[in-house]
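Chemist: Please read through the structure below; I'll follow up with questions.
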2 protein chains.
Amino acid sequence: MIEKVYVTNRCPIRTTLELTGGKWKLLILSQLFQKSLRLSELKASIPDISEKMLIQELKTLVESGMVLRTNYGEVPPRVVYSLTRVGEATKPLIAAMKDFAEAYEQQLKER
Amino acid sequence: MIEKVYVTNRCPIRTTLELTGGKWKLLILSQLFQKSLRLSELKASIPDISEKMLIQELKTLVESGMVLRTNYGEVPPRVVYSLTRVGEATKPLIAAMKDFAEAYEQQLKER
DNA sequence: CCGCATCCTACACGATACTG
DNA sequence: CAGTATCGTGTAGGATGCGG
């Protein structure tokens, strides 16, 4: 099929946007790169995120298979979030975003 | 310490999201990689985009310095959109999205 | 052909309070 | 600590029509 299809149904850009789009998902994933984190740690590490959004986004990330939720069933509760293999596949994506942001700000200075 | 600062003010992820976020900007940019395009060509190459959104997003892309708008001042009008240098800097980003989408769908098959 | 002006709706996102 | 539940709002995105 022809090139027009590129942006159509299984367009990788649209797929990625569906999985990682929105204001918070990539920020959450980026915090999990280094180590697994508890909810409270995530909240503390991401300025301005509300608890509702954090939980809500974590839920969708778990459902889409990017994040693993581990409940240790203790009292008081201990729940740890970590990246799955697919979740780790966002690493180059975030790296590319970092590169782009730097290139963009560099360009601002030159003008 | 959880790298608290990483995600704060000049966080590259937030910067990139501000510049390229939303449903359409990256799709538009990706169409301009190969060659410059007129509005009508862009509209034809991106399924489901409304003319309003296309024009609106192009405007912000021009304002943020990612796209160059060239008006040939002819009758009938001929206006061509092309990538600036910074606009081209999104290429690795989109490539990373493509890679991720493929990795994700691959993972789906394996399970 | 290219673009602007309205009007409108849906949902992403937020504030707050409450539970095991 | 880790969640639900509820309610409210801003704005991204869409439909339509007009104009140079």
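FYI, nothing fancy with the structure tokens labels: chains A, B, ... in order, residues from 1 per chain, ligands from 1 as they appear.
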Can you build me a table of chain A residues sitting at most 9 Å from chain B, with the closest atom pair per residue and its distance in Å to one decimal, using only C-alpha atoms, sorted by chain and residue number, as JSON lines?
Modeler:
{"residue": "A:Lys4", "atom": "CA", "partner": "B:Ser45", "partner_atom": "CA", "distance": 6.1}
{"residue": "A:Val5", "atom": "CA", "partner": "B:Ser45", "partner_atom": "CA", "distance": 8.6}
{"residue": "A:Tyr6", "atom": "CA", "partner": "B:Ser45", "partner_atom": "CA", "distance": 9.0}
{"residue": "A:Val7", "atom": "CA", "partner": "B:Ile46", "partner_atom": "CA", "distance": 6.2}
{"residue": "A:Thr8", "atom": "CA", "partner": "B:Pro47", "partner_atom": "CA", "distance": 6.3}
{"residue": "A:Cys11", "atom": "CA", "partner": "B:Lys98", "partner_atom": "CA", "distance": 8.4}
{"residue": "A:Pro12", "atom": "CA", "partner": "B:Lys98", "partner_atom": "CA", "distance": 4.9}
{"residue": "A:Ile13", "atom": "CA", "partner": "B:Met97", "partner_atom": "CA", "distance": 6.0}
{"residue": "A:Arg14", "atom": "CA", "partner": "B:Lys23", "partner_atom": "CA", "distance": 8.1}
{"residue": "A:Thr15", "atom": "CA", "partner": "B:Ala101", "partner_atom": "CA", "distance": 6.1}
{"residue": "A:Thr16", "atom": "CA", "partner": "B:Ala101", "partner_atom": "CA", "distance": 5.6}
{"residue": "A:Leu17", "atom": "CA", "partner": "B:Lys23", "partner_atom": "CA", "distance": 7.5}
{"residue": "A:Leu19", "atom": "CA", "partner": "B:Ala101", "partner_atom": "CA", "distance": 8.9}
{"residue": "A:Gly21", "atom": "CA", "partner": "B:Gly22", "partner_atom": "CA", "distance": 7.8}
{"residue": "A:Gly22", "atom": "CA", "partner": "B:Gly22", "partner_atom": "CA", "distance": 7.7}
{"residue": "A:Lys23", "atom": "CA", "partner": "B:Leu17", "partner_atom": "CA", "distance": 7.5}
{"residue": "A:Leu26", "atom": "CA", "partner": "B:Ile13", "partner_atom": "CA", "distance": 7.5}
{"residue": "A:Leu27", "atom": "CA", "partner": "B:Ile13", "partner_atom": "CA", "distance": 7.0}
{"residue": "A:Ser30", "atom": "CA", "partner": "B:Val7", "partner_atom": "CA", "distance": 8.7}
{"residue": "A:Gln31", "atom": "CA", "partner": "B:Ile2", "partner_atom": "CA", "distance": 8.0}
{"residue": "A:Gln34", "atom": "CA", "partner": "B:Ile2", "partner_atom": "CA", "distance": 8.7}
{"residue": "A:Glu41", "atom": "CA", "partner": "B:Ile2", "partner_atom": "CA", "distance": 8.1}
{"residue": "A:Leu42", "atom": "CA", "partner": "B:Ile2", "partner_atom": "CA", "distance": 8.9}
{"residue": "A:Ala44", "atom": "CA", "partner": "B:Lys4", "partner_atom": "CA", "distance": 7.7}
{"residue": "A:Ser45", "atom": "CA", "partner": "B:Lys4", "partner_atom": "CA", "distance": 4.9}
{"residue": "A:Ile46", "atom": "CA", "partner": "B:Val7", "partner_atom": "CA", "distance": 6.2}
{"residue": "A:Pro47", "atom": "CA", "partner": "B:Thr8", "partner_atom": "CA", "distance": 6.3}
{"residue": "A:Arg85", "atom": "CA", "partner": "B:Gln107", "partner_atom": "CA", "distance": 8.8}
{"residue": "A:Val86", "atom": "CA", "partner": "B:Tyr104", "partner_atom": "CA", "distance": 6.2}
{"residue": "A:Gly87", "atom": "CA", "partner": "B:Tyr104", "partner_atom": "CA", "distance": 8.9}
{"residue": "A:Ala89", "atom": "CA", "partner": "B:Phe100", "partner_atom": "CA", "distance": 6.1}
{"residue": "A:Thr90", "atom": "CA", "partner": "B:Phe100", "partner_atom": "CA", "distance": 6.4}
{"residue": "A:Pro92", "atom": "CA", "partner": "B:Ala96", "partner_atom": "CA", "distance": 6.2}
{"residue": "A:Leu93", "atom": "CA", "partner": "B:Ala96", "partner_atom": "CA", "distance": 5.0}
{"residue": "A:Ile94", "atom": "CA", "partner": "B:Ile13", "partner_atom": "CA", "distance": 7.1}
{"residue": "A:Ala95", "atom": "CA", "partner": "B:Leu93", "partner_atom": "CA", "distance": 8.5}
{"residue": "A:Ala96", "atom": "CA", "partner": "B:Leu93", "partner_atom": "CA", "distance": 5.0}
{"residue": "A:Met97", "atom": "CA", "partner": "B:Thr16", "partner_atom": "CA", "distance": 6.0}
{"residue": "A:Lys98", "atom": "CA", "partner": "B:Pro12", "partner_atom": "CA", "distance": 5.0}
{"residue": "A:Asp99", "atom": "CA", "partner": "B:Pro12", "partner_atom": "CA", "distance": 8.1}
{"residue": "A:Phe100", "atom": "CA", "partner": "B:Ala89", "partner_atom": "CA", "distance": 6.1}
{"residue": "A:Ala101", "atom": "CA", "partner": "B:Pro12", "partner_atom": "CA", "distance": 5.2}
{"residue": "A:Glu102", "atom": "CA", "partner": "B:Pro12", "partner_atom": "CA", "distance": 7.3}
{"residue": "A:Ala103", "atom": "CA", "partner": "B:Ala89", "partner_atom": "CA", "distance": 7.2}
{"residue": "A:Tyr104", "atom": "CA", "partner": "B:Val86", "partner_atom": "CA", "distance": 6.2}
{"residue": "A:Gln107", "atom": "CA", "partner": "B:Val86", "partner_atom": "CA", "distance": 7.2}
Chemist: So which bits of chain A end up helix (DSSP H, G or I) when you DSSP the backbone, as JSON, numbers by chain?
Modeler: {"A": [3, 4, 5, 6, 7, 12, 13, 14, 15, 16, 17, 18, 19, 20, 25, 26, 27, 28, 29, 30, 31, 32, 39, 40, 41, 42, 43, 44, 45, 51, 52, 53, 54, 55, 56, 57, 58, 59, 60, 61, 62, 63, 85, 86, 87, 88, 91, 92, 93, 94, 95, 96, 97, 98, 99, 100, 101, 102, 103, 104, 105, 106, 107, 108, 109, 110]}
Chemist: If you take only C-alpha atoms (C1' of nucleotides) and a cut-off of 10 Å, which residues of chain A touch chain C, and what are their nearest atom pairs and distances in Å to one decimal, in chain and number order, as CSV?
Modeler:
residue,atom,partner,partner_atom,distance
A:Gly22,CA,C:DA12,C1',8.0
A:Lys23,CA,C:DA12,C1',8.9
A:Ile49,CA,C:DG14,C1',9.4
A:Ser50,CA,C:DG14,C1',7.6
A:Lys52,CA,C:DG14,C1',8.7
A:Met53,CA,C:DC13,C1',7.6
A:Pro77,CA,C:DG20,C1',9.8
Chemist: Emit the selected residues as a PDB file, in the first residue's frame, including C-alpha atoms.
Modeler:
ATOM      1  CA  GLY A  22      -0.853  13.759  27.668  1.00  0.00           C
ATOM      2  CA  LYS A  23       0.834  15.890  30.229  1.00  0.00           C
ATOM      3  CA  ILE A  49       1.103  16.595  39.794  1.00  0.00           C
ATOM      4  CA  SER A  50      -2.046  15.858  41.732  1.00  0.00           C
ATOM      5  CA  LYS A  52      -5.552  11.892  41.336  1.00  0.00           C
ATOM      6  CA  MET A  53      -3.730  12.369  38.058  1.00  0.00           C
ATOM      7  CA  PRO A  77       0.408  -0.458  52.529  1.00  0.00           C
TER       8      PRO A  77
END
Chemist: Please measure the separation of atom CA of A:Leu32 and atom CA of A:Ser82, giving the value in Å to one decimal.
Modeler: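 Going from atom CA of A:Leu32 over to atom CA of A:Ser82 covers 6.1 Å.
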Chemist: Would you give me, as number ranges by chain, the residues in chain B that DSSP reads as strand (DSSP E)?
Modeler: B: 37-38, 67-71, 79-83
Chemist: Kindly save the residues from that selection, with C-alpha atoms included, as a PDB file, in the first residue's frame.
Modeler:
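Dumped everything to selection_14.pdb:
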ATOM      1  CA  LEU B  37       4.102  21.159   1.095  1.00  0.00           C
ATOM      2  CA  ARG B  38       1.205  23.459   0.456  1.00  0.00           C
ATOM      3  CA  VAL B  67       8.146  25.762  10.359  1.00  0.00           C
ATOM      4  CA  LEU B  68       8.750  28.333   7.663  1.00  0.00           C
ATOM      5  CA  ARG B  69       5.792  29.814   5.836  1.00  0.00           C
ATOM      6  CA  THR B  70       6.456  31.141   2.355  1.00  0.00           C
ATOM      7  CA  ASN B  71       3.771  33.164   0.655  1.00  0.00           C
ATOM      8  CA  VAL B  79       1.694  29.233   0.210  1.00  0.00           C
ATOM      9  CA  VAL B  80       4.339  26.676   0.983  1.00  0.00           C
ATOM     10  CA  TYR B  81       5.309  25.273   4.351  1.00  0.00           C
ATOM     11  CA  SER B  82       8.746  23.878   5.039  1.00  0.00           C
ATOM     12  CA  LEU B  83      10.859  22.850   7.985  1.00  0.00           C
TER      13      LEU B  83
END
Chemist: May I have the residues of chain D within 12 Å of chain A, counting only C-alpha atoms (C1' of nucleotides), written as number ranges by chain?
Modeler: D: 1-5, 12
Chemist: Measure the distance from atom CA of A:Ser36 to atom CA of A:Thr84 in Å and round it to one decimal.
Modeler: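 Between these atoms lies a distance of 10.5 Å.
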